[in-house]
Amino acid sequence: MDEYHRQQSHEVGEYLRLKSLLDDFGHQMLPESKRQLQEQVRALEEHWAAYQRRTLRVTVRVRLDHGFVLDEAPEEASASA
């Protein structure tokens, strides 16, 4: 089974970095600094939401009993009926 990971944009990477910073150190920050960081995170939330909506593509290699190989089949091809 192969997973094709979604490509992260700069904005998504920045959202993850800033959100982590806020979650880990927000309680220690000065109120104004924390407010600014929260605003930056909010400004990037749309990029993060769009990134999460994009589907993760998963493919499988199916080898049938008679030796036939079906490569890069959709993940659903491996489900038993």
# chains A, B, ... in the order shown; residues from 1 in each chain; ligands from 1

call {"tool": "residues_around", "arguments": {"residues": "Gln8 of chain A", "least_positions_apart": "5", "cutoff": "12 Å", "atoms": "only C-alpha atoms", "output": "list in words"}}
result
Gly13, Glu14, Tyr15, Leu16, His47, Trp48, Ala49, Ala50, Tyr51, Gln52 and Arg54 of chain A

call {"tool": "atom_distance", "arguments": {"atom1": "atom CA of Gln7 of chain A", "atom2": "atom CA of Arg61 of chain A"}}
result
23.0 Å

call {"tool": "atom_distance", "arguments": {"atom1": "atom CA of Val60 of chain A", "atom2": "atom CA of Val12 of chain A"}}
result
28.0 Å

call {"tool": "closest_residue", "arguments": {"among": "A:Glu46, A:Glu39, A:Arg53, A:Asp65", "to": "Leu18 of chain A", "atoms": "only C-alpha atoms"}}
result
A:Glu39

call {"tool": "closest_residue", "arguments": {"among": "A:Val69, A:Leu44, A:Leu37, A:Leu64", "to": "Leu22 of chain A", "atoms": "only C-alpha atoms"}}
result
A:Leu37

call {"tool": "atom_distance", "arguments": {"atom1": "atom CA of Gln40 of chain A", "atom2": "atom CA of Ser20 of chain A"}}
result
12.3 Å
